[in-house]
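Right, one structure below, let's go through it.
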Amino acid sequence: MKFPRYEYKQAGVPTIKSKMFFSDGVVELPKFDRPCSAVENLKRAARHNKPYWVPVGLTDLQSINPTDLLVETAKVQSSKVNVRFQDWFGADWTFVASAGGPMLTPGVPQIMEDVTEWESVVKFPDVDNFDFAGPAEEYLKTSYDPDKALEIDIGLGCTERFVSLMGGYEDAMVSFATEPEACAAFFERFIDWEIAHFDKLFEHYPVTMINYHDDWGSEKDTFFSSQMLEDLIFKPTKRFFDHIKSKDVIVQLHSCGNINRFIPYMIDLGVEFMQIQRRVVDFPKVKEKYGGKIGFCGMVEGLDFGGPPPEKEKLLEMIRNTIDILGKGGGLYLGMFMSDPELLWAAVNEIYAYSSEKYSEE
C-alpha cells in the first residue's frame, strides 16, 4: 500500500501544531489518518508486535518530569546563568547554563560518607507528603494531549541516586568494591521507595512510558564491571521494571556511555527502549545481533545533530535507510531536532509514510 507524501502546507492537508525540542517554538506538521492511537502503536513498537508506523517524538509523544531533580531542572533550564538548587533527597546541584544540564555542586559535603551508615543518614522523601494530585490535575487540564502517548521521566535510578548521595562517581565506585553488601541493601530500599514513587505517578497520570535514568559508563567504558552489575544493580532494577511492566507501561532506560557490554543485561531486565549514546554504541550492529529483543530511541542514522541540515532528498534517503535497518519488526521510535519547518514537515511525512509501507508489507 502506498502512503502519500504531501508538499509543505499543501492545501487541504490537515495539520497539527507541535512544540519543538530544545525550543519554545511551535511547528506545523501534517496530520495523518492513522489506524490506531499513538499509545497503542508505541506499545506495539516497544514490544515488536506489528506496529503500524515508526513513532516520532514530535507527533506521537509528550514528555514531562513531574518530580525529583528534573522538576528543578525544568524550572531553571532556560536560565542564562548557573543556578544552584537541591533535589528532594537533599543532593546539591548546579544547573550549568553553558552545558544545558545539572551537575553535583563542587565543594559541597556529601550526604553519605560511609555507605554502611545509609540507614541513619539517607532521608527518603515520604511520597504521601507530596502533592501529586494538584499538578497532575493542572497538567491534564491545560497541557495534556490525549492524541499523544505520555512519557514520564522518573528521575535518577539506582546508580545515579547513589552517586548523588556519595558526592560523585569516585567514592560511589569505591563503595561498590569495598562495601557491596551495604550497597545492595541500599539499592533494595531505594527500589522500595521508587515503586511507591511510580505508583503515585501512575495513580494521577495516564502514563504510557517511564524513562529511567541510570548512567553506567563514560564514552571510554563502563563505570563498573559486569559482575558488579549482576551483584548490585540488576536485581533491584529488575524488580522495579517488572512492577512498571505489570501496569502495561513501557520501560525506557536512559544510560550514557560506552555500555555495549551491558546490553544483554538490559534485555534480561526487560528494557523495551534504550535511550543511549549513538556515537559510542553501533545501533545497526546491536540490531543485527539482538534483533527483536530490545528497541531504540534513536535519531536518523547519519544525521549530524547540531550540524547543518542535509538537503531534503538526502535527508529522506537517510530516513528510509534508518527504518530499513533499525525499524525492522518494530523496536524503534525517532527524535527529530531540526529547526527548519519545511524539512521537519518532509521528514515526519516520510517517516510515517515509508514505515507504514514497510510494516504493511511485513
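Following the order of the C-alpha cells, first chain is A, next is B, and so on, with residues numbered from 1 inside each chain and ligands from 1 in the order they appear.
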
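Within the 8 Å cut-off around Phe132 in chain A, using only C-alpha atoms and omitting residues fewer than 5 positions from it on the same chain, the listed residues are Lys200, Leu201 and His204 of chain A.
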
Sorted by chain and rising residue number, list the residues of range 180-260 of chain A at most 10 Å from range 101-122 of chain A (counting only C-alpha atoms), each with its closest atom pair and distance in Å to one decimal, as a tab-separated table.
residue	atom	partner	partner_atom	distance
A:Pro180	CA	A:Val115	CA	9.3
A:Glu181	CA	A:Thr116	CA	8.7
A:Ala182	CA	A:Thr116	CA	5.4
A:Cys183	CA	A:Val115	CA	6.6
A:Ala185	CA	A:Trp118	CA	9.1
A:Phe186	CA	A:Trp118	CA	6.9
A:Arg189	CA	A:Glu119	CA	9.3

* Tell me which protein, DNA and RNA residues are within 10 Å of range 127-129 of chain A, counting only C-alpha atoms, leaving out same-chain ones fewer than 2 positions away, and put them as JSON, numbers by chain. => {"A": [124, 125, 131, 132, 193, 194, 196, 197, 198, 199, 200]}

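Nearest residue to Asn211 in chain A, choosing from A:Thr59, A:Asn41, A:Asn258, A:Gln275 and counting only C-alpha atoms: A:Gln275.
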
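For the residues A:Phe21, A:Phe296, A:Trp345, A:Trp216, ranking by smallest atom-to-atom distance to Glu7 in chain A using only C-alpha atoms places A:Trp345 first.
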
- Hey, what's within 9 Å of Leu316 in chain A if we count only C-alpha atoms and toss same-chain stuff fewer than 5 positions away? As a ChimeraX atom specification, please? /A:311,321,346-347,350-351

Store the residues picked out above, limited to N, CA and C atoms, as an mmCIF file, in the first residue's frame.
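Saved to out-v3.cif:
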data_model
loop_
_atom_site.group_PDB
_atom_site.id
_atom_site.type_symbol
_atom_site.label_atom_id
_atom_site.label_comp_id
_atom_site.auth_asym_id
_atom_site.auth_seq_id
_atom_site.Cartn_x
_atom_site.Cartn_y
_atom_site.Cartn_z
ATOM 1 N N GLU A 311 20.425 18.326 2.505
ATOM 2 C CA GLU A 311 19.398 18.603 1.504
ATOM 3 C C GLU A 311 18.220 17.659 1.726
ATOM 4 N N ASN A 321 16.751 4.648 5.088
ATOM 5 C CA ASN A 321 17.813 3.730 5.494
ATOM 6 C C ASN A 321 17.708 3.374 6.976
ATOM 7 N N ALA A 346 8.698 17.480 5.860
ATOM 8 C CA ALA A 346 9.050 16.407 4.933
ATOM 9 C C ALA A 346 9.536 15.173 5.675
ATOM 10 N N ALA A 347 10.319 15.372 6.736
ATOM 11 C CA ALA A 347 10.873 14.247 7.491
ATOM 12 C C ALA A 347 9.783 13.455 8.196
ATOM 13 N N GLU A 350 7.734 11.543 5.673
ATOM 14 C CA GLU A 350 8.424 10.371 5.129
ATOM 15 C C GLU A 350 8.524 9.247 6.151
ATOM 16 N N ILE A 351 8.774 9.591 7.399
ATOM 17 C CA ILE A 351 8.841 8.559 8.436
ATOM 18 C C ILE A 351 7.515 7.809 8.510
#

Computed gap from CA of Phe3 in chain A to CA of Thr15 in chain A is 16.3 Å

Q. In range 117-299 of chain A, what's strand (DSSP E or B) per DSSP? Answer as a ChimeraX atom specification?
A. /A:149-156,209-213,217,222,250-254,273-275,295-298

Could you turn the residues from that selection into a file that holds N, CA and C atoms, as a JSON list (two decimals), in the first residue's frame?
[["chain", "number", "residue", "atom", "x", "y", "z"],
["A", 149, "ALA", "N", 1.02, 9.72, 23.23],
["A", 149, "ALA", "CA", 1.44, 8.91, 24.37],
["A", 149, "ALA", "C", 2.15, 9.81, 25.38],
["A", 150, "LEU", "N", 2.04, 9.47, 26.65],
["A", 150, "LEU", "CA", 2.66, 10.27, 27.71],
["A", 150, "LEU", "C", 3.87, 9.54, 28.28],
["A", 151, "GLU", "N", 5.03, 10.16, 28.14],
["A", 151, "GLU", "CA", 6.27, 9.66, 28.74],
["A", 151, "GLU", "C", 6.56, 10.46, 29.99],
["A", 152, "ILE", "N", 6.79, 9.77, 31.10],
["A", 152, "ILE", "CA", 7.17, 10.43, 32.34],
["A", 152, "ILE", "C", 8.62, 10.07, 32.68],
["A", 153, "ASP", "N", 9.42, 11.10, 32.87],
["A", 153, "ASP", "CA", 10.81, 10.92, 33.29],
["A", 153, "ASP", "C", 10.81, 10.83, 34.81],
["A", 154, "ILE", "N", 11.14, 9.65, 35.33],
["A", 154, "ILE", "CA", 11.03, 9.41, 36.77],
["A", 154, "ILE", "C", 12.28, 9.82, 37.53],
["A", 155, "GLY", "N", 13.30, 10.26, 36.81],
["A", 155, "GLY", "CA", 14.48, 10.77, 37.51],
["A", 155, "GLY", "C", 15.58, 9.74, 37.70],
["A", 156, "LEU", "N", 16.32, 9.88, 38.77],
["A", 156, "LEU", "CA", 17.55, 9.12, 38.97],
["A", 156, "LEU", "C", 17.29, 7.68, 39.39],
["A", 209, "MET", "N", 4.76, 5.51, 29.14],
["A", 209, "MET", "CA", 6.16, 5.05, 29.19],
["A", 209, "MET", "C", 6.88, 5.77, 30.32],
["A", 210, "ILE", "N", 7.70, 5.02, 31.04],
["A", 210, "ILE", "CA", 8.58, 5.58, 32.07],
["A", 210, "ILE", "C", 10.00, 5.62, 31.52],
["A", 211, "ASN", "N", 10.64, 6.80, 31.64],
["A", 211, "ASN", "CA", 12.05, 6.93, 31.28],
["A", 211, "ASN", "C", 12.87, 6.94, 32.56],
["A", 212, "TYR", "N", 13.74, 5.96, 32.71],
["A", 212, "TYR", "CA", 14.51, 5.73, 33.93],
["A", 212, "TYR", "C", 15.97, 6.05, 33.66],
["A", 213, "HIS", "N", 16.54, 7.00, 34.41],
["A", 213, "HIS", "CA", 17.91, 7.45, 34.18],
["A", 213, "HIS", "C", 18.88, 6.68, 35.07],
["A", 217, "GLY", "N", 28.23, 4.41, 32.33],
["A", 217, "GLY", "CA", 29.57, 4.46, 31.75],
["A", 217, "GLY", "C", 29.95, 5.83, 31.22],
["A", 222, "THR", "N", 32.51, 1.22, 30.70],
["A", 222, "THR", "CA", 31.55, 1.24, 31.80],
["A", 222, "THR", "C", 32.24, 1.67, 33.10],
["A", 250, "ILE", "N", 5.42, 1.05, 29.35],
["A", 250, "ILE", "CA", 6.68, 0.77, 28.66],
["A", 250, "ILE", "C", 7.86, 1.21, 29.52],
["A", 251, "VAL", "N", 8.94, 0.44, 29.49],
["A", 251, "VAL", "CA", 10.18, 0.78, 30.20],
["A", 251, "VAL", "C", 11.22, 1.28, 29.19],
["A", 252, "GLN", "N", 11.68, 2.51, 29.40],
["A", 252, "GLN", "CA", 12.80, 3.05, 28.63],
["A", 252, "GLN", "C", 13.95, 3.33, 29.58],
["A", 253, "LEU", "N", 15.13, 2.86, 29.25],
["A", 253, "LEU", "CA", 16.32, 3.10, 30.07],
["A", 253, "LEU", "C", 17.21, 4.12, 29.38],
["A", 254, "HIS", "N", 17.43, 5.25, 30.04],
["A", 254, "HIS", "CA", 18.40, 6.23, 29.58],
["A", 254, "HIS", "C", 19.72, 5.93, 30.30],
["A", 273, "PHE", "N", 12.87, 0.13, 25.32],
["A", 273, "PHE", "CA", 13.59, 1.10, 24.51],
["A", 273, "PHE", "C", 14.85, 1.51, 25.24],
["A", 274, "MET", "N", 15.97, 1.58, 24.52],
["A", 274, "MET", "CA", 17.22, 2.13, 25.05],
["A", 274, "MET", "C", 17.37, 3.56, 24.57],
["A", 275, "GLN", "N", 17.64, 4.47, 25.48],
["A", 275, "GLN", "CA", 18.00, 5.85, 25.13],
["A", 275, "GLN", "C", 19.47, 6.00, 25.48],
["A", 295, "GLY", "N", 14.67, -2.38, 21.85],
["A", 295, "GLY", "CA", 14.40, -1.32, 20.89],
["A", 295, "GLY", "C", 15.21, -0.08, 21.15],
["A", 296, "PHE", "N", 15.07, 0.89, 20.23],
["A", 296, "PHE", "CA", 15.89, 2.09, 20.24],
["A", 296, "PHE", "C", 15.03, 3.35, 20.26],
["A", 297, "CYS", "N", 15.40, 4.28, 21.11],
["A", 297, "CYS", "CA", 15.01, 5.68, 20.95],
["A", 297, "CYS", "C", 16.16, 6.31, 20.18],
["A", 298, "GLY", "N", 15.95, 6.57, 18.90],
["A", 298, "GLY", "CA", 17.07, 6.96, 18.07],
["A", 298, "GLY", "C", 16.85, 8.24, 17.30]]

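Nearest to Thr159 in chain A of all the residues A:Ser143, A:Ser18, A:Gln227, A:Ser255 is A:Ser255, based on only C-alpha atoms.
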
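Across the structure, CA of Glu342 in chain A and CA of Lys9 in chain A are spaced 8.7 Å apart.
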
Taken to one decimal, the CA of Phe89 in chain A-CA of Gly168 in chain A distance is 14.9 Å
